[in-house]
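upload-v8.txt (compact mmCIF, C-alpha atoms)
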```txt
# COMPACT_ATOMS: atom_id res chain seq x y z
CA MET A 19 -27.92 58.70 -33.51
CA ALA A 20 -30.52 57.95 -36.20
CA LYS A 21 -32.80 55.23 -34.88
CA SER A 22 -34.17 52.63 -37.23
CA LYS A 23 -36.54 49.69 -36.79
CA SER A 24 -33.81 47.08 -37.30
CA GLY A 25 -31.40 49.14 -35.20
CA SER A 26 -33.77 49.25 -32.24
CA LYS A 27 -34.43 45.50 -32.60
CA ILE A 28 -30.72 44.78 -32.50
CA SER A 29 -30.10 47.10 -29.57
CA SER A 30 -32.94 45.44 -27.62
CA LEU A 31 -31.33 42.07 -28.46
CA ALA A 32 -28.02 43.40 -27.16
CA ARG A 33 -29.64 44.03 -23.77
CA TRP A 34 -30.09 40.25 -23.44
CA ARG A 35 -26.41 39.57 -24.06
CA SER A 36 -25.46 38.98 -20.41
CA TRP A 37 -28.37 36.56 -20.02
CA VAL A 38 -27.33 34.68 -23.14
CA GLN A 39 -23.75 34.46 -21.83
CA ALA A 40 -24.98 33.27 -18.43
CA ALA A 41 -27.32 30.68 -19.96
CA LEU A 42 -24.53 29.31 -22.15
CA LEU A 43 -22.43 28.70 -19.03
CA LEU A 44 -24.78 25.75 -18.47
CA VAL A 45 -23.41 24.29 -21.70
CA TRP A 46 -19.71 24.93 -21.02
CA LEU A 47 -19.86 24.12 -17.28
CA ASN A 48 -21.87 20.95 -17.27
CA PRO A 49 -20.28 18.02 -15.41
CA TRP A 50 -22.90 15.64 -16.81
CA LEU A 51 -22.06 16.50 -20.39
CA HIS A 52 -18.79 14.62 -20.85
CA LEU A 53 -17.78 15.54 -24.38
CA SER A 54 -14.06 16.03 -23.94
CA THR A 55 -13.55 14.35 -27.33
CA VAL A 56 -15.20 17.36 -29.00
CA CYS A 57 -13.76 20.87 -29.27
CA SER A 58 -16.03 23.71 -28.24
CA PRO A 59 -15.72 27.08 -30.02
CA VAL A 60 -14.87 28.88 -26.75
CA PHE A 61 -11.83 29.50 -24.58
CA HIS A 62 -12.44 27.13 -21.69
CA CYS A 63 -9.97 24.68 -20.12
CA VAL A 64 -10.79 20.97 -20.49
CA SER A 65 -9.27 20.30 -17.05
CA CYS A 66 -11.89 22.46 -15.33
CA PRO A 67 -13.81 20.10 -13.01
CA LEU A 68 -17.05 21.18 -14.68
CA ALA A 69 -15.80 21.33 -18.28
CA SER A 70 -17.98 19.62 -20.84
CA PHE A 71 -15.88 20.14 -23.99
CA ALA A 72 -12.23 20.33 -25.00
CA CYS A 73 -10.59 23.72 -25.52
CA PRO A 74 -9.83 24.33 -29.23
CA ILE A 75 -6.65 26.26 -28.42
CA GLY A 76 -5.48 23.49 -26.08
CA ALA A 77 -6.15 20.99 -28.87
CA LEU A 78 -4.22 23.07 -31.44
CA ALA A 79 -1.24 23.47 -29.07
CA ASN A 80 -1.15 19.81 -28.05
CA PHE A 81 -1.58 18.51 -31.59
CA SER A 82 1.23 20.83 -32.66
CA ALA A 83 3.38 19.22 -29.94
CA ILE A 84 2.78 15.73 -31.32
CA HIS A 85 3.12 16.90 -34.96
CA VAL A 86 -0.38 15.82 -36.01
CA PHE A 87 -2.74 18.09 -37.95
CA PRO A 88 -5.97 18.58 -35.93
CA PHE A 89 -8.59 18.29 -38.66
CA ALA A 90 -11.56 18.21 -36.27
CA ALA A 91 -10.44 21.25 -34.25
CA VAL A 92 -9.62 23.25 -37.37
CA GLY A 93 -12.95 22.24 -38.93
CA THR A 94 -14.80 23.38 -35.81
CA LEU A 95 -13.03 26.75 -35.84
CA LEU A 96 -13.66 27.25 -39.57
CA ILE A 97 -17.38 26.49 -39.22
CA TYR A 98 -18.00 28.71 -36.20
CA GLY A 99 -15.68 31.41 -37.51
CA VAL A 100 -17.22 31.71 -40.94
CA VAL A 101 -20.78 31.64 -39.62
CA PHE A 102 -20.47 33.90 -36.59
CA GLY A 103 -17.01 35.54 -36.57
CA THR A 104 -16.39 37.21 -33.22
CA PHE A 105 -20.04 36.89 -32.15
CA ILE A 106 -18.61 33.86 -30.32
CA CYS A 107 -16.35 36.18 -28.28
CA GLY A 108 -19.06 38.66 -27.44
CA TRP A 109 -21.97 36.34 -26.80
CA VAL A 110 -20.74 32.82 -26.09
CA CYS A 111 -17.26 32.69 -24.52
CA PRO A 112 -17.23 32.18 -20.72
CA PHE A 113 -13.88 33.93 -20.29
CA GLY A 114 -15.26 36.92 -22.18
CA PHE A 115 -18.29 36.86 -19.88
CA LEU A 116 -16.00 36.96 -16.84
CA GLN A 117 -14.24 40.01 -18.29
CA ASP A 118 -17.59 41.69 -18.94
CA LEU A 119 -18.65 41.07 -15.34
CA VAL A 120 -15.40 42.41 -13.86
CA ALA A 121 -15.64 45.46 -16.14
CA ARG A 122 -18.88 46.42 -14.37
CA ILE A 123 -16.86 47.35 -11.30
CA PRO A 124 -16.73 51.14 -11.49
CA THR A 125 -13.03 51.82 -11.97
CA PRO A 126 -11.44 54.13 -14.52
CA LYS A 127 -11.08 52.35 -17.85
CA PHE A 128 -8.23 52.91 -20.26
CA GLU A 129 -7.81 52.22 -23.94
CA LEU A 130 -4.75 50.59 -25.46
CA PRO A 131 -3.32 51.40 -28.88
CA THR A 132 -5.06 49.53 -31.72
CA TRP A 133 -1.84 47.87 -32.87
CA MET A 134 -1.74 45.86 -29.64
CA GLY A 135 -4.57 43.75 -31.06
CA TYR A 136 -1.99 42.15 -33.36
CA LEU A 137 -0.23 40.67 -30.31
CA ARG A 138 -2.96 38.03 -30.43
CA TYR A 139 -1.44 36.70 -33.64
CA VAL A 140 2.00 36.62 -31.98
CA VAL A 141 0.48 34.56 -29.14
CA LEU A 142 -1.23 32.26 -31.65
CA ILE A 143 1.81 31.69 -33.87
CA VAL A 144 4.55 31.62 -31.20
CA PHE A 145 2.99 30.13 -28.06
CA VAL A 146 0.21 27.97 -29.50
CA LEU A 147 1.86 26.65 -32.67
CA ALA A 148 5.64 27.20 -32.86
CA ILE A 149 6.86 26.53 -29.31
CA PRO A 150 4.88 23.28 -28.90
CA PHE A 151 6.00 22.14 -32.37
CA PHE A 152 9.70 22.78 -31.82
CA PHE A 153 10.09 22.33 -28.04
CA SER A 154 7.22 19.93 -27.14
CA GLU A 155 4.56 20.31 -24.50
CA SER A 156 7.11 20.20 -21.69
CA SER A 157 8.45 23.66 -22.59
CA PRO A 158 7.73 26.27 -19.89
CA LEU A 159 6.49 28.56 -22.69
CA PHE A 160 3.94 26.03 -23.93
CA PHE A 161 0.64 27.93 -24.17
CA CYS A 162 -1.28 25.79 -21.64
CA SER A 163 1.49 26.42 -19.08
CA LEU A 164 0.74 30.16 -19.32
CA CYS A 165 -3.01 30.17 -19.89
CA PRO A 166 -4.94 32.32 -17.37
CA ALA A 167 -8.20 30.48 -18.14
CA GLY A 168 -6.50 27.20 -17.26
CA ALA A 169 -5.17 28.73 -14.03
CA LEU A 170 -8.58 30.03 -13.01
CA GLU A 171 -10.77 27.17 -14.16
CA ALA A 172 -8.53 24.17 -13.54
CA ALA A 173 -5.39 24.81 -11.48
CA LEU A 174 -6.97 26.80 -8.63
CA PRO A 175 -10.08 24.60 -8.20
CA HIS A 176 -7.97 21.43 -8.13
CA THR A 177 -5.50 22.94 -5.67
CA ALA A 178 -8.42 23.95 -3.44
CA LYS A 179 -9.96 20.49 -3.80
CA LEU A 180 -6.71 18.80 -2.69
CA ALA A 181 -6.33 21.21 0.24
CA ILE A 182 -9.92 20.64 1.40
CA ALA A 183 -9.51 16.87 1.10
CA GLY A 184 -6.38 17.10 3.28
CA GLN A 185 -4.19 15.63 0.54
CA GLN A 186 -0.75 16.86 -0.46
CA VAL A 187 -1.24 20.05 -2.47
CA SER A 188 0.55 20.36 -5.81
CA TRP A 189 0.84 24.09 -6.40
CA PRO A 190 0.23 25.44 -9.89
CA SER A 191 3.13 27.17 -11.61
CA THR A 192 3.96 30.64 -10.34
CA VAL A 193 4.14 32.03 -13.88
CA LYS A 194 0.62 30.84 -14.65
CA ILE A 195 -0.83 32.30 -11.45
CA THR A 196 1.05 35.58 -11.97
CA ILE A 197 -0.39 35.91 -15.48
CA LEU A 198 -3.87 35.21 -14.13
CA VAL A 199 -3.51 37.87 -11.41
CA LEU A 200 -2.21 40.41 -13.94
CA ILE A 201 -5.11 39.72 -16.31
CA LEU A 202 -7.64 39.95 -13.44
CA VAL A 203 -6.21 43.31 -12.38
CA ALA A 204 -6.15 44.48 -16.01
CA MET A 205 -9.86 43.60 -16.30
CA LEU A 206 -10.57 46.35 -13.77
CA PHE A 207 -8.93 49.03 -15.89
CA LYS A 208 -9.41 47.86 -19.45
CA ARG A 209 -12.51 46.26 -20.96
CA ARG A 210 -11.76 42.76 -22.19
CA PRO A 211 -7.95 42.97 -21.91
CA TRP A 212 -7.43 39.27 -22.68
CA CYS A 213 -9.72 39.33 -25.73
CA THR A 214 -8.32 42.47 -27.30
CA VAL A 215 -4.61 41.93 -26.65
CA PHE A 216 -3.78 38.25 -26.11
CA CYS A 217 -6.56 35.79 -27.00
CA PRO A 218 -5.41 33.43 -29.78
CA LEU A 219 -8.96 32.14 -30.30
CA GLY A 220 -10.24 35.68 -30.76
CA ALA A 221 -7.43 36.21 -33.25
CA ILE A 222 -8.68 33.28 -35.32
CA PHE A 223 -12.33 34.38 -35.23
CA ALA A 224 -11.36 37.99 -36.01
CA LEU A 225 -9.93 36.81 -39.33
CA PHE A 226 -13.47 35.87 -40.36
CA ASN A 227 -15.13 39.16 -39.37
CA ARG A 228 -15.01 40.56 -42.90
CA ILE A 229 -16.42 37.48 -44.58
CA SER A 230 -18.60 35.78 -41.95
CA ILE A 231 -22.13 34.81 -42.89
CA PHE A 232 -23.52 37.07 -40.15
CA PHE A 233 -21.63 40.33 -40.24
CA VAL A 234 -21.83 43.78 -38.71
CA LYS A 235 -22.47 46.33 -41.40
CA PHE A 236 -21.63 50.03 -41.24
CA TYR A 237 -23.35 52.44 -43.64
CA PRO A 238 -21.25 55.64 -43.78
CA ASP A 239 -24.00 57.49 -45.68
CA ARG A 240 -26.47 56.97 -42.81
CA CYS A 241 -24.04 58.09 -40.10
CA SER A 242 -24.64 61.45 -38.45
CA ASP A 243 -21.28 61.50 -36.66
CA CYS A 244 -22.89 61.52 -33.21
CA ASP A 245 -20.03 59.32 -31.90
CA LEU A 246 -22.37 57.34 -29.62
CA CYS A 247 -21.15 54.07 -31.14
CA ARG A 248 -17.57 54.98 -30.24
CA ASP A 249 -18.59 55.84 -26.70
CA LYS A 250 -20.46 52.58 -26.22
CA CYS A 251 -17.89 50.26 -27.77
CA PRO A 252 -16.15 48.22 -25.03
CA CYS A 253 -13.23 47.29 -27.25
CA ALA A 254 -12.73 50.48 -29.21
CA GLY A 255 -13.48 48.17 -32.11
CA LEU A 256 -15.41 50.70 -34.09
CA SER A 257 -13.07 53.56 -33.44
CA GLU A 258 -12.14 53.37 -37.10
CA ARG A 259 -15.81 52.93 -38.07
CA ARG A 260 -15.13 49.96 -40.28
CA ALA A 261 -17.49 47.06 -40.64
CA GLY A 262 -15.91 43.79 -39.57
CA VAL A 263 -12.97 45.38 -37.79
CA GLU A 264 -10.76 42.76 -36.11
CA ARG A 265 -10.98 44.07 -32.55
CA CYS A 266 -14.79 44.07 -32.50
CA VAL A 267 -16.34 41.35 -30.31
CA ARG A 268 -19.78 42.01 -31.82
CA CYS A 269 -21.46 42.84 -28.54
CA LEU A 270 -23.84 45.02 -30.62
CA LYS A 271 -23.83 47.84 -28.08
CA CYS A 272 -23.17 50.18 -30.98
CA ALA A 273 -25.97 48.81 -33.15
CA GLY A 274 -28.72 51.13 -31.98
CA CYS A 275 -28.85 53.32 -35.06
CA SER A 276 -29.50 52.77 -38.74
CA ALA A 277 -25.83 53.18 -39.66
CA ILE A 278 -24.83 49.90 -37.97
CA THR A 279 -26.78 46.68 -38.51
CA VAL A 280 -26.28 42.95 -38.46
CA GLU A 281 -27.11 41.24 -41.72
CA PRO A 282 -26.59 37.79 -43.16
CA VAL A 283 -24.39 37.44 -46.20
CA PHE A 284 -27.46 36.50 -48.26
CA SER A 285 -28.88 39.99 -47.80
CA GLN A 286 -29.57 41.56 -51.17
CA GLN A 287 -27.75 44.79 -50.39
CA ASP A 288 -24.10 45.07 -51.25
CA ARG A 289 -21.60 45.27 -48.45
CA PRO A 290 -20.71 48.89 -47.84
CA GLU A 291 -17.30 50.32 -48.38
CA GLN A 292 -14.79 49.42 -45.69
CA GLY A 293 -13.38 52.94 -45.76
CA VAL A 294 -12.96 55.36 -42.92
CA ARG A 295 -15.45 58.09 -42.61
CA MET B 1 -27.65 38.17 -58.15
CA TRP B 2 -24.08 37.97 -59.44
CA ALA B 3 -22.98 40.32 -56.68
CA MET B 4 -24.57 38.09 -54.05
CA ALA B 5 -22.96 34.99 -55.56
CA LYS B 6 -19.57 36.71 -55.41
CA ARG B 7 -20.21 37.76 -51.81
CA THR B 8 -21.30 34.33 -50.64
CA ALA B 9 -18.71 32.29 -52.57
CA LEU B 10 -15.83 32.63 -50.11
CA PRO B 11 -17.86 32.08 -46.90
CA MET B 12 -19.56 29.06 -48.48
CA LEU B 13 -16.23 27.66 -49.62
CA ILE B 14 -14.79 28.02 -46.12
CA LEU B 15 -17.92 26.55 -44.58
CA VAL B 16 -17.76 23.51 -46.86
CA GLY B 17 -14.03 23.20 -46.14
CA GLY B 18 -14.73 23.35 -42.40
CA ILE B 19 -17.42 20.69 -42.58
CA ALA B 20 -15.18 18.47 -44.70
CA SER B 21 -12.30 18.92 -42.25
CA LEU B 22 -14.55 18.15 -39.27
CA VAL B 23 -16.04 15.05 -40.89
CA TYR B 24 -12.63 13.78 -42.02
CA GLY B 25 -11.16 14.38 -38.55
CA THR B 26 -13.96 12.73 -36.63
CA ARG B 27 -14.60 9.79 -38.99
CA PHE B 28 -11.50 8.95 -41.00
CA HIS B 29 -8.37 10.47 -39.46
CA TYR B 30 -6.53 7.78 -37.54
CA THR B 31 -3.18 8.34 -35.86
CA PRO B 32 -0.84 5.47 -34.94
CA VAL B 33 -0.14 5.44 -31.20
CA VAL B 34 2.23 3.04 -29.47
CA GLN B 35 1.05 1.59 -26.20
CA GLY B 36 2.33 -1.12 -23.90
CA GLU B 37 0.20 -4.23 -23.47
CA VAL B 38 0.64 -7.15 -21.10
CA LYS B 39 1.18 -10.35 -23.04
CA GLN B 40 1.77 -13.86 -21.74
CA ILE B 41 4.59 -15.74 -23.39
CA VAL B 42 5.87 -19.27 -22.75
CA GLU B 43 9.54 -19.25 -21.84
CA GLU B 44 11.81 -22.30 -21.77
CA GLN B 45 13.80 -22.61 -18.59
CA GLN B 46 16.55 -25.10 -17.74
CA ILE B 47 16.45 -26.41 -14.20
CA GLU B 48 18.88 -28.66 -12.38
CA GLU B 49 17.33 -31.64 -10.66
CA THR B 50 18.89 -34.30 -8.44
CA ILE B 51 17.55 -37.80 -8.91
CA THR B 52 18.27 -41.05 -7.13
CA ILE B 53 19.39 -43.89 -9.33
CA PRO B 54 18.37 -47.37 -8.06
CA GLN B 55 21.20 -49.79 -7.10
CA PRO B 56 22.01 -52.23 -9.86
CA PHE B 57 21.96 -55.16 -7.41
CA GLU B 58 20.60 -56.03 -3.98
CA PRO B 59 23.21 -56.25 -1.13
CA PRO B 60 23.73 -59.76 0.30
CA PRO B 61 21.67 -60.56 3.39
CA GLY B 62 23.14 -59.16 6.62
CA PHE B 63 24.92 -56.33 4.84
CA PRO B 64 23.77 -52.74 5.19
CA PRO B 65 22.24 -51.22 2.11
CA PRO B 66 24.69 -49.20 0.02
CA PRO B 67 24.32 -45.42 -0.09
CA PRO B 68 21.93 -44.23 -2.78
CA ILE B 69 23.43 -43.05 -6.05
CA LEU B 70 22.53 -39.40 -6.67
CA GLN B 71 22.77 -37.80 -10.09
CA THR B 72 22.17 -34.19 -11.15
CA ILE B 73 20.43 -33.74 -14.44
CA VAL B 74 19.42 -30.59 -16.39
CA ARG B 75 15.81 -30.48 -17.52
CA THR B 76 14.04 -28.01 -19.85
CA ILE B 77 10.60 -26.88 -18.74
CA LYS B 78 8.11 -24.38 -20.20
CA VAL B 79 7.07 -21.49 -17.91
CA PRO B 80 4.35 -18.88 -18.69
CA LYS B 81 5.58 -15.28 -18.19
CA ASP B 82 4.01 -11.79 -18.38
CA VAL B 83 5.81 -9.19 -20.52
CA ILE B 84 5.00 -5.67 -21.68
CA GLU B 85 5.00 -5.50 -25.43
CA ASP B 86 4.64 -2.41 -27.60
CA VAL B 87 1.54 -2.52 -29.72
CA THR B 88 0.56 0.09 -32.29
CA ILE B 89 -3.08 1.08 -32.25
CA HIS B 90 -4.77 3.52 -34.58
CA GLU B 91 -6.71 6.16 -32.67
CA LEU B 92 -9.48 8.21 -34.18
CA GLU B 93 -9.04 11.97 -33.76
CA PRO B 94 -11.77 12.54 -31.11
CA THR B 95 -10.10 9.95 -28.87
CA LEU B 96 -6.74 11.59 -29.51
CA ILE B 97 -8.22 15.02 -28.59
CA ARG B 98 -9.26 13.66 -25.20
CA GLU B 99 -5.90 11.97 -24.62
CA VAL B 100 -3.61 14.72 -25.88
CA THR B 101 -5.29 17.53 -23.92
CA VAL B 102 -4.61 15.78 -20.61
CA GLY B 103 -1.08 14.65 -21.47
CA GLY B 104 -2.07 11.08 -22.23
CA VAL B 105 0.22 10.84 -25.26
CA THR B 106 3.63 12.25 -26.08
CA LEU B 107 5.89 12.45 -29.12
CA LEU B 108 8.99 10.26 -28.92
CA ALA B 109 12.36 11.27 -30.37
CA SER B 110 11.80 8.56 -32.98
CA GLY B 111 8.77 10.49 -34.24
CA ARG B 112 6.29 7.94 -32.94
CA ILE B 113 3.48 8.89 -30.59
CA ARG B 114 3.33 6.94 -27.35
CA ARG B 115 0.83 6.71 -24.54
CA THR B 116 2.17 8.04 -21.26
CA TYR B 117 0.16 5.57 -19.22
CA GLY B 118 -0.39 1.88 -19.38
CA PRO B 119 0.23 -1.38 -17.55
CA THR B 120 3.49 -2.01 -15.70
CA LEU B 121 4.87 -5.29 -14.43
CA ASP B 122 6.04 -3.93 -11.08
CA GLY B 123 2.68 -2.29 -10.37
CA GLN B 124 4.30 1.16 -10.38
CA GLY B 125 3.01 3.96 -12.62
CA SER B 126 -0.50 4.69 -13.75
CA THR B 127 -2.61 2.35 -15.80
CA GLU B 128 -5.38 4.93 -16.11
CA MET B 129 -5.49 7.85 -18.52
CA PRO B 130 -4.63 11.12 -16.69
CA SER B 131 -7.71 13.12 -15.81
CA LEU B 132 -5.98 16.50 -15.66
CA CYS B 133 -3.79 18.55 -17.94
CA PRO B 134 -0.14 18.19 -16.77
CA THR B 135 0.36 21.97 -16.76
```
Please go through the file and, once you have read it, give me the structure as structure tokens.
Amino acid sequence: MAKSKSGSKISSLARWRSWVQAALLLVWLNPWLHLSTVCSPVFHCVSCPLASFACPIGALANFSAIHVFPFAAVGTLLIYGVVFGTFICGWVCPFGFLQDLVARIPTPKFELPTWMGYLRYVVLIVFVLAIPFFFSESSPLFFCSLCPAGALEAALPHTAKLAIAGQQVSWPSTVKITILVLILVAMLFKRRPWCTVFCPLGAIFALFNRISIFFVKFYPDRCSDCDLCRDKCPCAGLSERRAGVERCVRCLKCAGCSAITVEPVFSQQDRPEQGVR
Amino acid sequence: MWAMAKRTALPMLILVGGIASLVYGTRFHYTPVVQGEVKQIVEEQQIEETITIPQPFEPPPGFPPPPPILQTIVRTIKVPKDVIEDVTIHELEPTLIREVTVGGVTLLASGRIRRTYGPTLDGQGSTEMPSLCPT
């Protein structure tokens, strides 16, 4: 791995990633910051007792159910997506942070085929947009009725709160809890299973990875084929060694050498070829 | 220079589009929402009333007074009454985001959007916006 000055800077920045994710929890989990009229750029349920912002996916699904175009939510996603791409997933999202923490448990980790990343678009189109639009929010396949983040952050805390207060407990749906349990178990054996296979928000941000203002650049001519970037990648995102690949969550673990850097779009150098080396 | 302009054109276009969409949504995008409001109306009611009509003449001295003459008449009175009336309000998108994400509004078969909460005459049902997502 050929070290460079910018590469070592970026890799030292990447070491702070967990701290950045933890610090940003104070923004997403802040009961004093009641901004449920504003969509955040992260996957976090608005019904969480500590939630400060509305979930953009929840807003898209619910607006689809009432047949109204969500200009504010779409605008928020366009702005964050085109500036940062999937940096949001790797550095900002609380559900991504949870998956990173669970992945630290030393269990054997498996990789899934790359094509499974496209399931995220199926989730986005079918469960977030189409089912609410055609069958309303009362459909059992409505995205929020299946969402594991909603189950973990909202349904379980409220059930516990009712039980502790001695009130009649309204149990969350079995399907939702089952999905949450399956995702939690999958987190032990696959890094970021929700992000790489199902997350509709990650699917939206991934669309911007090739054109975002801050982008991850891969220089094939500087690569010495040491394969360290492939070994370090938690999402197998760089397995094809393409800059701006959709599965990449831009954790920057791979960016320790001169072949991979983060540059703004205003950088004078041309974007390298997107080809496979 | 030309290469950089080409490279930045699409991201800048999307960024401007995103900002325009966000500003339009938060400042100018209103959605009509039907909600029930308590209104007081004045209703006319007809009531039956029995009145006593005075005797046309006094009985002679030493005679008992004749029984009173009773007559039932129908009178119209005005009574104030509370009713729930549908009112259309125009909600700005941020307000709608808060309401829709907790199930505070729903789409009717008629295509209109209606609040799921509001005042009721019998005191049943919730007058407060739900605080939790219904799912």
Once you count all atoms listed in the file, what closest atom pair and distance in Å to one decimal does each residue of chain B within 10 Å of chain A have, with rows by chain and rising residue number, as a Markdown table?
```
| residue | atom | partner | partner_atom | distance |
| --- | --- | --- | --- | --- |
| B:Met1 | CA | A:Gln286 | CA | 8.0 |
| B:Ala3 | CA | A:Asp288 | CA | 7.3 |
| B:Met4 | CA | A:Phe284 | CA | 6.7 |
| B:Ala5 | CA | A:Phe284 | CA | 8.7 |
| B:Arg7 | CA | A:Val283 | CA | 7.0 |
| B:Thr8 | CA | A:Val283 | CA | 6.2 |
| B:Ala9 | CA | A:Ile229 | CA | 9.8 |
| B:Leu10 | CA | A:Ile229 | CA | 7.4 |
| B:Pro11 | CA | A:Val100 | CA | 6.0 |
| B:Met12 | CA | A:Val100 | CA | 8.3 |
| B:Leu13 | CA | A:Val100 | CA | 9.6 |
| B:Ile14 | CA | A:Leu96 | CA | 6.7 |
| B:Leu15 | CA | A:Ile97 | CA | 5.4 |
| B:Val16 | CA | A:Ile97 | CA | 8.2 |
| B:Gly17 | CA | A:Gly93 | CA | 7.4 |
| B:Gly18 | CA | A:Gly93 | CA | 4.1 |
| B:Ile19 | CA | A:Gly93 | CA | 6.0 |
| B:Ala20 | CA | A:Gly93 | CA | 7.2 |
| B:Ser21 | CA | A:Gly93 | CA | 4.7 |
| B:Leu22 | CA | A:Ala90 | CA | 4.2 |
| B:Val23 | CA | A:Ala90 | CA | 7.2 |
| B:Tyr24 | CA | A:Phe89 | CA | 6.9 |
| B:Gly25 | CA | A:Ala90 | CA | 4.5 |
| B:Thr26 | CA | A:Ala90 | CA | 6.0 |
| B:Arg27 | CA | A:Ala90 | CA | 9.4 |
| B:His29 | CA | A:Phe89 | CA | 7.9 |
| B:Thr31 | CA | A:Val86 | CA | 8.0 |
| B:Glu93 | CA | A:Ala90 | CA | 7.2 |
| B:Pro94 | CA | A:Thr55 | CA | 4.6 |
| B:Thr95 | CA | A:Thr55 | CA | 5.8 |
| B:Leu96 | CA | A:Thr55 | CA | 7.7 |
| B:Ile97 | CA | A:Thr55 | CA | 5.5 |
| B:Arg98 | CA | A:Thr55 | CA | 4.8 |
| B:Glu99 | CA | A:Thr55 | CA | 8.5 |
| B:Val100 | CA | A:Asn80 | CA | 6.1 |
| B:Thr101 | CA | A:Ala77 | CA | 6.1 |
| B:Val102 | CA | A:Ser65 | CA | 7.4 |
| B:Gly103 | CA | A:Asn80 | CA | 8.4 |
| B:Val105 | CA | A:Ile84 | CA | 8.2 |
| B:Thr106 | CA | A:Ile84 | CA | 6.3 |
| B:Leu107 | CA | A:Ile84 | CA | 5.0 |
| B:Leu108 | CA | A:Ile84 | CA | 8.6 |
| B:Gly111 | CA | A:Ile84 | CA | 8.5 |
| B:Arg112 | CA | A:Ile84 | CA | 8.7 |
| B:Ile113 | CA | A:Ile84 | CA | 6.9 |
| B:Arg114 | CA | A:Ile84 | CA | 9.7 |
| B:Ser131 | CA | A:Ser65 | CA | 7.5 |
| B:Leu132 | CA | A:Ser65 | CA | 5.2 |
| B:Cys133 | CA | A:Ser65 | CA | 5.8 |
| B:Pro134 | CA | A:Ser163 | CA | 8.7 |
| B:Thr135 | CA | A:Ser163 | CA | 5.1 |
```
Can you list, as a list of chain:residue names, every protein, DNA or RNA residue that comes within 7 Å of Pro49 (chain A) when you count all atoms listed in the file, leaving out same-chain residues fewer than 6 positions away?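 So the residues in contact are A:Leu68, A:Ala69, A:Ser70.
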State, in Å with one decimal place, the distance from CA of Cys111 (chain A) to CA of Phe207 (chain A).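 According to the coordinates, CA of Cys111 (chain A) and CA of Phe207 (chain A) are separated by 20.3 Å.
One distance worth recording is that between CA of Phe152 (chain A) and CA of Glu128 (chain B), which is 28.2 Å.
Between CA of Gln117 (chain A) and CA of Thr196 (chain A) lies a distance of 17.1 Å.
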For region 128-142 of chain A, list every protein, DNA or RNA residue within 10 Å, evaluated using only C-alpha atoms, and leave out those in the same chain fewer than 2 positions away; present the list as number ranges by chain. A: 75, 78-79, 125-126, 144-148, 161, 204, 206-209, 211-222, 252-255, 257-258, 264-265
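The shortest atom-to-atom distance to Val83 (chain B), with all atoms listed in the file taken into account, belongs to B:Pro119 out of B:Pro119, B:Pro61, B:Pro32, B:Pro130.
Each of B:Ile84, B:Val74, B:Ile69, B:Met129 was compared to Gln45 (chain B) using all atoms listed in the file, and B:Val74 turns out to be the nearest.
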Box dimensions and centre (Å, one decimal) enclosing region 198-201 of chain A, axis-aligned, 5 Å extra per side, as lines of an AutoDock Vina configuration file:
```
center_x = -3.7
center_y = 37.8
center_z = -13.9
size_x = 12.9
size_y = 15.2
size_z = 14.9
```
Best match for closeness to Thr104 (chain A) among A:Cys251, A:Leu246, A:Val234, A:Gly184, counting only C-alpha atoms: A:Val234
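Proximity to Ala121 (chain A) was assessed for A:Val45, A:Leu170, A:Ile201, A:Ala183 counting only C-alpha atoms; the smallest distance is recorded for A:Ile201.
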